[in-house]
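Working notes, beginning with the structure itself.
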Amino acid sequence: MYYIVQENTFREENYDTLIHSLERGGLEYEIVKVLPFTDEIEFKTDRKDIFVFGSLKLARIAKNYNWNPGSLSNKNHDYEVYSQYYQENLLNYDSIIQNFTDEIDWNYPLKFIRPSLDTKTFTGKVFTEDKWKEFVHYSLTNGHETSLCATTKIQVASPKWIQKEIRLWIIDGEVITGSQYRLGDNTIYSDFIDPEAIEFAERMIKKFELAKAFVMDVCLVDNKWKIVEVGCINSAGFYKSNLLKVFDKLEECYSYLNKNINSSIDGPML
């Protein structure tokens with residue numbers, strides 16, 4: 001496949017890792033701009049067997065170019081969808097889904113609030129009542145570009161103390177690689193993955209796969225594994241994950257595209 005990577009999306013060290021992994025794998029790529037205020041991308045290739053890495057905006061508008069697979073973002077990347085399958089295995093299964101401007105029941109002084117859709121319109125975190133009201137007012141009145149509106153769906157849940165968090169990369173029903181990114185209250189990146197976390201994720205994959213490839217963040221709470229969230233593989237942060245393994249598996253899964261697409265463009269392959 002050919003890889004399109006959006007500029008100014010990931011941290012510099014993540015770009016280094018991504019580009020290094022692409023080059024080690026002998027894979028073709030280009031770095032592109034996503035034009036502001038439009039649904040357009042500046043790119044050079046005329047290939048169609050393309051996989052994108054970048055913002056969720058890139059993942060969304062990649063679908064406009066008839067690339068395959070392009071982006072794996074789909075309607076399943078929504079808490080209201082995947083919660084029906086994962087249920088009590090979710091960290092925030094106590095979530096109430098409501099609109100952005102609806103009144104929140106502040107029966108506890110702190111609430112964890114995040115978008116229901118995997119849109120990254122704002123970062124999910126713990127809010128006090130005052131901080132949340134300030135954030136809502138600011139988001140809707142300061143005149144900056146945002147997709148947030150009064151009817152944006154949000155999750156409202158009780159805060160939990162998490163012992164550790166791990167991101168797992170899942171392709172074709174398998175956990176391919178992963179990285180720890182938090183230990184207690186500290187950001188700590190490690191390529192060591194608890195075997196119990198992998199075993200838990202594998203059981204969850206059997207319950208529901210959002211897409212051919214996606215990421216699943218899992219955490220340990222009260223010594224029990226839970227799903228924090230699941231997200232679009234095209235827009236996921238890498239941390240200490242082994243991207244060579246990711247590319248190897250993507251190439252294995254989608255290698256047929258090269259033959260089928262090139263055959264349709266160039267004629268029969270001998």
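Labels for the structure tokens follow display order: chains A, B, ..., residues from 1 in each chain, ligands from 1.
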TODO: Pick out the residues sitting within 12 Å of Ser190 (chain A), and hand them over as an MDAnalysis selection string; count only C-alpha atoms, and ignore anything fewer than 5 positions along from it in its own chain.
DONE: chainID A and resid 164:167 177:183 238:242
Could you write out that same residue set with N, CA and C atoms as a PDB file, in the first residue's frame?
```
ATOM      1  N   LYS A 164      -3.323   1.660  35.766  1.00  0.00           N
ATOM      2  CA  LYS A 164      -2.476   1.761  34.571  1.00  0.00           C
ATOM      3  C   LYS A 164      -3.355   1.732  33.336  1.00  0.00           C
ATOM      4  N   GLU A 165      -2.818   2.301  32.236  1.00  0.00           N
ATOM      5  CA  GLU A 165      -3.544   2.333  30.966  1.00  0.00           C
ATOM      6  C   GLU A 165      -2.621   1.872  29.845  1.00  0.00           C
ATOM      7  N   ILE A 166      -3.196   1.127  28.925  1.00  0.00           N
ATOM      8  CA  ILE A 166      -2.434   0.544  27.819  1.00  0.00           C
ATOM      9  C   ILE A 166      -3.216   0.722  26.522  1.00  0.00           C
ATOM     10  N   ARG A 167      -2.525   1.107  25.449  1.00  0.00           N
ATOM     11  CA  ARG A 167      -3.142   1.152  24.114  1.00  0.00           C
ATOM     12  C   ARG A 167      -2.745  -0.091  23.334  1.00  0.00           C
ATOM     13  N   THR A 177       0.271  -5.187  18.655  1.00  0.00           N
ATOM     14  CA  THR A 177       1.283  -4.537  19.476  1.00  0.00           C
ATOM     15  C   THR A 177       0.561  -3.602  20.441  1.00  0.00           C
ATOM     16  N   GLY A 178       1.329  -2.875  21.221  1.00  0.00           N
ATOM     17  CA  GLY A 178       0.708  -1.958  22.162  1.00  0.00           C
ATOM     18  C   GLY A 178       1.739  -1.227  22.987  1.00  0.00           C
ATOM     19  N   SER A 179       1.254  -0.354  23.843  1.00  0.00           N
ATOM     20  CA  SER A 179       2.144   0.427  24.695  1.00  0.00           C
ATOM     21  C   SER A 179       1.399   0.887  25.930  1.00  0.00           C
ATOM     22  N   GLN A 180       2.040   0.745  27.071  1.00  0.00           N
ATOM     23  CA  GLN A 180       1.542   1.402  28.270  1.00  0.00           C
ATOM     24  C   GLN A 180       1.804   2.899  28.118  1.00  0.00           C
ATOM     25  N   TYR A 181       0.830   3.732  28.554  1.00  0.00           N
ATOM     26  CA  TYR A 181       1.060   5.172  28.479  1.00  0.00           C
ATOM     27  C   TYR A 181       0.768   5.895  29.786  1.00  0.00           C
ATOM     28  N   ARG A 182       0.243   5.172  30.764  1.00  0.00           N
ATOM     29  CA  ARG A 182       0.012   5.801  32.071  1.00  0.00           C
ATOM     30  C   ARG A 182       0.152   4.757  33.166  1.00  0.00           C
ATOM     31  N   LEU A 183       0.790   5.183  34.252  1.00  0.00           N
ATOM     32  CA  LEU A 183       0.919   4.352  35.445  1.00  0.00           C
ATOM     33  C   LEU A 183       0.520   5.219  36.631  1.00  0.00           C
ATOM     34  N   PHE A 238       0.958   6.783  18.996  1.00  0.00           N
ATOM     35  CA  PHE A 238       1.744   5.553  18.933  1.00  0.00           C
ATOM     36  C   PHE A 238       2.347   5.147  20.273  1.00  0.00           C
ATOM     37  N   TYR A 239       2.765   6.142  21.074  1.00  0.00           N
ATOM     38  CA  TYR A 239       3.493   5.875  22.314  1.00  0.00           C
ATOM     39  C   TYR A 239       4.714   4.990  22.012  1.00  0.00           C
ATOM     40  N   LYS A 240       4.826   3.838  22.678  1.00  0.00           N
ATOM     41  CA  LYS A 240       5.967   2.945  22.440  1.00  0.00           C
ATOM     42  C   LYS A 240       5.570   1.706  21.626  1.00  0.00           C
ATOM     43  N   SER A 241       4.458   1.768  20.922  1.00  0.00           N
ATOM     44  CA  SER A 241       4.011   0.631  20.128  1.00  0.00           C
ATOM     45  C   SER A 241       4.993   0.342  18.995  1.00  0.00           C
ATOM     46  N   ASN A 242       5.054  -0.924  18.616  1.00  0.00           N
ATOM     47  CA  ASN A 242       5.945  -1.361  17.540  1.00  0.00           C
ATOM     48  C   ASN A 242       5.226  -1.175  16.201  1.00  0.00           C
TER      49      ASN A 242
END
```
Within 6 Å of region 68-72 of chain A, counting only C-alpha atoms, which residues show up once you throw out same-chain ones fewer than 2 positions away? Write them as a PDB file with N, CA, C and O atoms, in the first residue's frame, please.
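What ended up in result.pdb:
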```
ATOM      1  N   ASP A  49      -4.661   2.453  -3.574  1.00  0.00           N
ATOM      2  CA  ASP A  49      -4.428   1.544  -2.439  1.00  0.00           C
ATOM      3  C   ASP A  49      -3.681   2.323  -1.357  1.00  0.00           C
ATOM      4  O   ASP A  49      -2.474   2.223  -1.204  1.00  0.00           O
ATOM      5  N   ILE A  50      -4.425   3.116  -0.614  1.00  0.00           N
ATOM      6  CA  ILE A  50      -3.846   4.098   0.307  1.00  0.00           C
ATOM      7  C   ILE A  50      -4.400   3.900   1.714  1.00  0.00           C
ATOM      8  O   ILE A  50      -5.581   3.611   1.906  1.00  0.00           O
ATOM      9  N   PHE A  51      -3.512   4.091   2.688  1.00  0.00           N
ATOM     10  CA  PHE A  51      -3.879   4.086   4.109  1.00  0.00           C
ATOM     11  C   PHE A  51      -3.397   5.408   4.682  1.00  0.00           C
ATOM     12  O   PHE A  51      -2.267   5.827   4.425  1.00  0.00           O
ATOM     13  N   VAL A  52      -4.245   6.084   5.449  1.00  0.00           N
ATOM     14  CA  VAL A  52      -3.889   7.410   5.952  1.00  0.00           C
ATOM     15  C   VAL A  52      -3.578   7.376   7.444  1.00  0.00           C
ATOM     16  O   VAL A  52      -4.134   6.570   8.198  1.00  0.00           O
ATOM     17  N   ALA A  59      -9.122  11.375   8.482  1.00  0.00           N
ATOM     18  CA  ALA A  59      -9.780  10.064   8.423  1.00  0.00           C
ATOM     19  C   ALA A  59     -11.173  10.192   7.818  1.00  0.00           C
ATOM     20  O   ALA A  59     -11.621   9.304   7.084  1.00  0.00           O
ATOM     21  N   ALA A  62     -10.845  11.387   3.936  1.00  0.00           N
ATOM     22  CA  ALA A  62     -10.204  10.383   3.076  1.00  0.00           C
ATOM     23  C   ALA A  62     -11.237   9.559   2.327  1.00  0.00           C
ATOM     24  O   ALA A  62     -10.969   9.042   1.233  1.00  0.00           O
TER      25      ALA A  62
END
```
Open item on the list: Need the shell around Ala157 (chain A): protein/DNA/RNA residues with any atom at most 8 Å away, counting only C-alpha atoms. Skip same-chain ones fewer than 2 positions apart. Format as a list in words?
Closed with: Asn92, Tyr93, Asp94, Ser95, Ile96, Lys111, Phe112, Ile113, Gln155 and Pro159 of chain A
May I have the residues from that selection written out with all heavy atoms, as a PDB file, in the first residue's frame?
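Listed below is the output, out-v8.pdb:
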```
ATOM      1  N   ASN A  92     -16.449   3.222  31.833  1.00  0.00           N
ATOM      2  CA  ASN A  92     -17.494   4.214  32.105  1.00  0.00           C
ATOM      3  C   ASN A  92     -18.875   3.713  31.676  1.00  0.00           C
ATOM      4  O   ASN A  92     -19.657   4.438  31.060  1.00  0.00           O
ATOM      5  CB  ASN A  92     -17.159   5.529  31.392  1.00  0.00           C
ATOM      6  CG  ASN A  92     -15.922   6.172  31.976  1.00  0.00           C
ATOM      7  OD1 ASN A  92     -15.798   6.308  33.188  1.00  0.00           O
ATOM      8  ND2 ASN A  92     -14.993   6.566  31.109  1.00  0.00           N
ATOM      9  N   TYR A  93     -19.162   2.473  32.052  1.00  0.00           N
ATOM     10  CA  TYR A  93     -20.467   1.915  31.710  1.00  0.00           C
ATOM     11  C   TYR A  93     -21.591   2.607  32.487  1.00  0.00           C
ATOM     12  O   TYR A  93     -22.756   2.446  32.148  1.00  0.00           O
ATOM     13  CB  TYR A  93     -20.490   0.411  31.963  1.00  0.00           C
ATOM     14  CG  TYR A  93     -21.689  -0.287  31.354  1.00  0.00           C
ATOM     15  CD1 TYR A  93     -22.020  -0.106  30.007  1.00  0.00           C
ATOM     16  CD2 TYR A  93     -22.488  -1.139  32.117  1.00  0.00           C
ATOM     17  CE1 TYR A  93     -23.109  -0.742  29.445  1.00  0.00           C
ATOM     18  CE2 TYR A  93     -23.580  -1.788  31.557  1.00  0.00           C
ATOM     19  CZ  TYR A  93     -23.892  -1.581  30.227  1.00  0.00           C
ATOM     20  OH  TYR A  93     -24.978  -2.218  29.670  1.00  0.00           O
ATOM     21  N   ASP A  94     -21.240   3.381  33.493  1.00  0.00           N
ATOM     22  CA  ASP A  94     -22.242   4.157  34.225  1.00  0.00           C
ATOM     23  C   ASP A  94     -22.547   5.485  33.531  1.00  0.00           C
ATOM     24  O   ASP A  94     -23.265   6.330  34.088  1.00  0.00           O
ATOM     25  CB  ASP A  94     -21.778   4.421  35.656  1.00  0.00           C
ATOM     26  CG  ASP A  94     -20.503   5.264  35.728  1.00  0.00           C
ATOM     27  OD1 ASP A  94     -19.749   5.297  34.742  1.00  0.00           O
ATOM     28  OD2 ASP A  94     -20.266   5.890  36.775  1.00  0.00           O
ATOM     29  N   SER A  95     -22.031   5.684  32.328  1.00  0.00           N
ATOM     30  CA  SER A  95     -22.217   6.954  31.619  1.00  0.00           C
ATOM     31  C   SER A  95     -23.680   7.251  31.336  1.00  0.00           C
ATOM     32  O   SER A  95     -24.462   6.351  31.008  1.00  0.00           O
ATOM     33  CB  SER A  95     -21.467   6.933  30.273  1.00  0.00           C
ATOM     34  OG  SER A  95     -20.082   6.933  30.459  1.00  0.00           O
ATOM     35  N   ILE A  96     -23.995   8.512  31.426  1.00  0.00           N
ATOM     36  CA  ILE A  96     -25.261   9.040  30.929  1.00  0.00           C
ATOM     37  C   ILE A  96     -24.952   9.794  29.641  1.00  0.00           C
ATOM     38  O   ILE A  96     -24.035  10.620  29.607  1.00  0.00           O
ATOM     39  CB  ILE A  96     -25.924   9.970  31.957  1.00  0.00           C
ATOM     40  CG1 ILE A  96     -26.323   9.177  33.199  1.00  0.00           C
ATOM     41  CG2 ILE A  96     -27.131  10.684  31.357  1.00  0.00           C
ATOM     42  CD1 ILE A  96     -26.815  10.031  34.354  1.00  0.00           C
ATOM     43  N   LYS A 111     -17.132  15.134  37.775  1.00  0.00           N
ATOM     44  CA  LYS A 111     -17.677  14.264  36.731  1.00  0.00           C
ATOM     45  C   LYS A 111     -16.632  14.096  35.626  1.00  0.00           C
ATOM     46  O   LYS A 111     -15.940  15.053  35.264  1.00  0.00           O
ATOM     47  CB  LYS A 111     -18.947  14.863  36.118  1.00  0.00           C
ATOM     48  CG  LYS A 111     -20.140  14.951  37.062  1.00  0.00           C
ATOM     49  CD  LYS A 111     -20.786  13.604  37.275  1.00  0.00           C
ATOM     50  CE  LYS A 111     -22.097  13.724  38.052  1.00  0.00           C
ATOM     51  NZ  LYS A 111     -22.736  12.422  38.257  1.00  0.00           N
ATOM     52  N   PHE A 112     -16.540  12.871  35.106  1.00  0.00           N
ATOM     53  CA  PHE A 112     -15.728  12.641  33.919  1.00  0.00           C
ATOM     54  C   PHE A 112     -16.623  12.846  32.704  1.00  0.00           C
ATOM     55  O   PHE A 112     -17.693  12.228  32.589  1.00  0.00           O
ATOM     56  CB  PHE A 112     -15.151  11.229  33.895  1.00  0.00           C
ATOM     57  CG  PHE A 112     -14.392  10.925  32.630  1.00  0.00           C
ATOM     58  CD1 PHE A 112     -13.101  11.390  32.458  1.00  0.00           C
ATOM     59  CD2 PHE A 112     -14.977  10.194  31.600  1.00  0.00           C
ATOM     60  CE1 PHE A 112     -12.393  11.135  31.286  1.00  0.00           C
ATOM     61  CE2 PHE A 112     -14.289   9.935  30.429  1.00  0.00           C
ATOM     62  CZ  PHE A 112     -12.991  10.405  30.272  1.00  0.00           C
ATOM     63  N   ILE A 113     -16.198  13.725  31.785  1.00  0.00           N
ATOM     64  CA  ILE A 113     -17.026  14.071  30.621  1.00  0.00           C
ATOM     65  C   ILE A 113     -16.167  14.008  29.365  1.00  0.00           C
ATOM     66  O   ILE A 113     -15.045  14.512  29.335  1.00  0.00           O
ATOM     67  CB  ILE A 113     -17.634  15.484  30.771  1.00  0.00           C
ATOM     68  CG1 ILE A 113     -18.369  15.605  32.113  1.00  0.00           C
ATOM     69  CG2 ILE A 113     -18.584  15.775  29.610  1.00  0.00           C
ATOM     70  CD1 ILE A 113     -18.871  17.004  32.418  1.00  0.00           C
ATOM     71  N   GLN A 155     -20.667  11.949  26.999  1.00  0.00           N
ATOM     72  CA  GLN A 155     -20.806  10.971  28.084  1.00  0.00           C
ATOM     73  C   GLN A 155     -20.511  11.677  29.406  1.00  0.00           C
ATOM     74  O   GLN A 155     -19.527  12.405  29.516  1.00  0.00           O
ATOM     75  CB  GLN A 155     -19.772   9.854  27.948  1.00  0.00           C
ATOM     76  CG  GLN A 155     -19.952   8.902  26.820  1.00  0.00           C
ATOM     77  CD  GLN A 155     -18.786   7.921  26.814  1.00  0.00           C
ATOM     78  OE1 GLN A 155     -18.029   7.885  25.859  1.00  0.00           O
ATOM     79  NE2 GLN A 155     -18.624   7.131  27.864  1.00  0.00           N
ATOM     80  N   PRO A 159     -15.955   9.798  38.134  1.00  0.00           N
ATOM     81  CA  PRO A 159     -14.499   9.624  37.975  1.00  0.00           C
ATOM     82  C   PRO A 159     -14.023   8.345  38.649  1.00  0.00           C
ATOM     83  O   PRO A 159     -14.606   7.889  39.635  1.00  0.00           O
ATOM     84  CB  PRO A 159     -13.915  10.859  38.658  1.00  0.00           C
ATOM     85  CG  PRO A 159     -14.963  11.294  39.624  1.00  0.00           C
ATOM     86  CD  PRO A 159     -16.292  10.898  39.037  1.00  0.00           C
TER      87      PRO A 159
END
```
- [ ] Pick out the closest residue to His137 (chain A) from this set: A:Ser116, A:Thr17, A:Thr101, A:Asn76. Count only C-alpha atoms.
- [x] A:Thr101
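Nearest to Thr152 (chain A) of all the residues A:Leu56, A:Ile170, A:Val126, A:Leu117 is A:Leu117, counting only C-alpha atoms.
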Open item on the list: Which residues are close to region 33-47 of chain A, i.e. within 8 Å by only C-alpha atoms, leaving aside same-chain residues fewer than 3 positions away? Reply as a ChimeraX atom specification.
Closed with: /A:2,6-7,30,50,58,61
Task: Residue neighbourhood Thr128 (chain A), 12 Å, only C-alpha atoms, exclusion window fewer than 2 positions, as an MDAnalysis selection string - done: chainID A and resid 104:113 125:126 130:135 156 158:159
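The smallest atom-to-atom distance between Glu80 (chain A) and any of A:Leu140, A:Ser255, A:Lys153, A:Gly25, using only C-alpha atoms, is found for A:Lys153.
In this comparison, which uses only C-alpha atoms, the residue of A:Leu168, A:Gln98, A:Leu250, A:Lys226 approaching Asp191 (chain A) most closely is A:Leu168.
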Task: Test item, alpha helix (DSSP H) assignment across region 56-214 of chain A, answer as a ChimeraX atom specification - done: /A:56-61,79-86,129-141,195-207
Output the selection as a short mmCIF file (atom, residue, chain, number, x, y, z; two decimals), in the first residue's frame - N, CA and C atoms for each residue.
```
data_model
loop_
_atom_site.label_atom_id
_atom_site.label_comp_id
_atom_site.auth_asym_id
_atom_site.auth_seq_id
_atom_site.Cartn_x
_atom_site.Cartn_y
_atom_site.Cartn_z
N LEU A 56 -8.50 13.15 12.83
CA LEU A 56 -9.81 12.56 12.53
C LEU A 56 -10.46 13.26 11.34
N LYS A 57 -10.10 14.51 11.10
CA LYS A 57 -10.60 15.18 9.90
C LYS A 57 -10.07 14.50 8.66
N LEU A 58 -8.78 14.16 8.66
CA LEU A 58 -8.21 13.42 7.52
C LEU A 58 -8.90 12.07 7.37
N ALA A 59 -9.12 11.38 8.48
CA ALA A 59 -9.78 10.06 8.42
C ALA A 59 -11.17 10.19 7.82
N ARG A 60 -11.84 11.29 8.12
CA ARG A 60 -13.19 11.50 7.59
C ARG A 60 -13.17 11.83 6.10
N ILE A 61 -12.35 12.80 5.72
CA ILE A 61 -12.40 13.25 4.33
C ILE A 61 -11.67 12.31 3.38
N TYR A 79 -19.63 5.52 21.37
CA TYR A 79 -19.92 4.82 22.62
C TYR A 79 -21.32 4.22 22.63
N GLU A 80 -22.28 4.93 22.04
CA GLU A 80 -23.65 4.42 22.05
C GLU A 80 -23.78 3.12 21.26
N VAL A 81 -22.86 2.89 20.33
CA VAL A 81 -22.87 1.64 19.55
C VAL A 81 -22.11 0.55 20.29
N TYR A 82 -20.82 0.81 20.58
CA TYR A 82 -20.01 -0.29 21.12
C TYR A 82 -20.34 -0.63 22.56
N SER A 83 -20.99 0.28 23.29
CA SER A 83 -21.38 -0.04 24.67
C SER A 83 -22.43 -1.15 24.72
N GLN A 84 -23.18 -1.32 23.63
CA GLN A 84 -24.18 -2.38 23.59
C GLN A 84 -23.52 -3.77 23.62
N TYR A 85 -22.26 -3.83 23.18
CA TYR A 85 -21.55 -5.11 23.12
C TYR A 85 -20.62 -5.32 24.31
N TYR A 86 -19.89 -4.26 24.68
CA TYR A 86 -18.91 -4.41 25.75
C TYR A 86 -19.53 -4.26 27.14
N GLU A 129 -18.28 21.43 38.46
CA GLU A 129 -19.45 22.07 37.86
C GLU A 129 -19.07 23.42 37.26
N ASP A 130 -18.31 24.22 38.00
CA ASP A 130 -17.94 25.55 37.50
C ASP A 130 -17.06 25.46 36.27
N LYS A 131 -16.08 24.56 36.29
CA LYS A 131 -15.19 24.41 35.15
C LYS A 131 -15.93 23.94 33.91
N TRP A 132 -16.90 23.03 34.10
CA TRP A 132 -17.67 22.56 32.96
C TRP A 132 -18.50 23.68 32.35
N LYS A 133 -19.17 24.46 33.19
CA LYS A 133 -19.99 25.56 32.67
C LYS A 133 -19.14 26.60 31.97
N GLU A 134 -17.96 26.86 32.49
CA GLU A 134 -17.04 27.78 31.82
C GLU A 134 -16.63 27.23 30.46
N PHE A 135 -16.36 25.94 30.41
CA PHE A 135 -15.93 25.31 29.16
C PHE A 135 -17.03 25.35 28.12
N VAL A 136 -18.27 25.04 28.50
CA VAL A 136 -19.39 25.07 27.56
C VAL A 136 -19.59 26.48 27.01
N HIS A 137 -19.56 27.47 27.90
CA HIS A 137 -19.75 28.86 27.46
C HIS A 137 -18.65 29.28 26.50
N TYR A 138 -17.41 28.98 26.86
CA TYR A 138 -16.27 29.34 26.02
C TYR A 138 -16.36 28.66 24.66
N SER A 139 -16.72 27.38 24.65
CA SER A 139 -16.74 26.60 23.41
C SER A 139 -17.74 27.14 22.41
N LEU A 140 -18.83 27.70 22.90
CA LEU A 140 -19.92 28.11 22.01
C LEU A 140 -19.93 29.60 21.71
N THR A 141 -19.08 30.38 22.37
CA THR A 141 -19.18 31.84 22.22
C THR A 141 -17.89 32.54 21.82
N PRO A 195 0.36 -9.48 30.04
CA PRO A 195 -0.34 -10.57 29.36
C PRO A 195 -1.83 -10.61 29.69
N GLU A 196 -2.17 -10.21 30.92
CA GLU A 196 -3.59 -10.21 31.31
C GLU A 196 -4.38 -9.17 30.50
N ALA A 197 -3.72 -8.06 30.16
CA ALA A 197 -4.38 -7.03 29.36
C ALA A 197 -4.67 -7.56 27.96
N ILE A 198 -3.71 -8.28 27.39
CA ILE A 198 -3.90 -8.85 26.06
C ILE A 198 -5.02 -9.89 26.08
N GLU A 199 -5.02 -10.73 27.10
CA GLU A 199 -6.04 -11.77 27.22
C GLU A 199 -7.43 -11.14 27.34
N PHE A 200 -7.52 -10.07 28.13
CA PHE A 200 -8.79 -9.36 28.27
C PHE A 200 -9.24 -8.79 26.93
N ALA A 201 -8.32 -8.12 26.22
CA ALA A 201 -8.67 -7.53 24.93
C ALA A 201 -9.11 -8.58 23.93
N GLU A 202 -8.46 -9.72 23.94
CA GLU A 202 -8.84 -10.79 23.01
C GLU A 202 -10.26 -11.27 23.28
N ARG A 203 -10.64 -11.32 24.55
CA ARG A 203 -12.02 -11.71 24.87
C ARG A 203 -13.00 -10.64 24.38
N MET A 204 -12.60 -9.37 24.48
CA MET A 204 -13.48 -8.28 24.03
C MET A 204 -13.61 -8.27 22.51
N ILE A 205 -12.53 -8.60 21.81
CA ILE A 205 -12.57 -8.65 20.35
C ILE A 205 -13.60 -9.68 19.88
N LYS A 206 -13.70 -10.77 20.61
CA LYS A 206 -14.68 -11.80 20.24
C LYS A 206 -16.11 -11.31 20.43
N LYS A 207 -16.28 -10.35 21.32
CA LYS A 207 -17.61 -9.78 21.52
C LYS A 207 -17.99 -8.82 20.40
#
```
TODO: Determine, counting only C-alpha atoms, which protein, DNA and RNA residues have an atom within 7 Å of an atom of Ile162 (chain A); residues of the same chain fewer than 3 positions away are not included. Present the result as an MDAnalysis selection string.
DONE: chainID A and resid 184 219:221
Open item on the list: Neighbouring residues of Lys212 (chain A) were defined as those with any atom within 12 Å, considering only C-alpha atoms; residues of the same chain fewer than 2 positions away were excluded. Please report them as a list in words.
Closed with: Pro69, Ser71, Leu72, Ser73, Asn74, Asn76, Trp169, Ile170, Ile171, Asp172, Gly173, Glu174, Val175, Ile205, Phe208, Glu209, Leu210, Phe214, Val215, Cys232, Ile233, Asn234, Lys249, Leu250, Cys253 and Tyr254 of chain A
Task: Closest of A:Thr119, A:Asn99, A:Thr151, A:Asn186 to Gly231 (chain A) - atom-to-atom distances counting only C-alpha atoms - done: A:Thr119
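CA of Leu148 (chain A) is found 8.4 Å from CA of Phe122 (chain A).
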Task: Nearest residue to Ser235 (chain A) from the set A:Arg24, A:Lys160, A:Lys120, A:Lys75 (distances using only C-alpha atoms) - done: A:Lys120
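If you look at CA of Tyr3 (chain A) and CA of Gly124 (chain A), they are 29.3 Å away from each other.
Picture a line from CA of Lys224 (chain A) to CA of Phe192 (chain A); it runs 18.2 Å.
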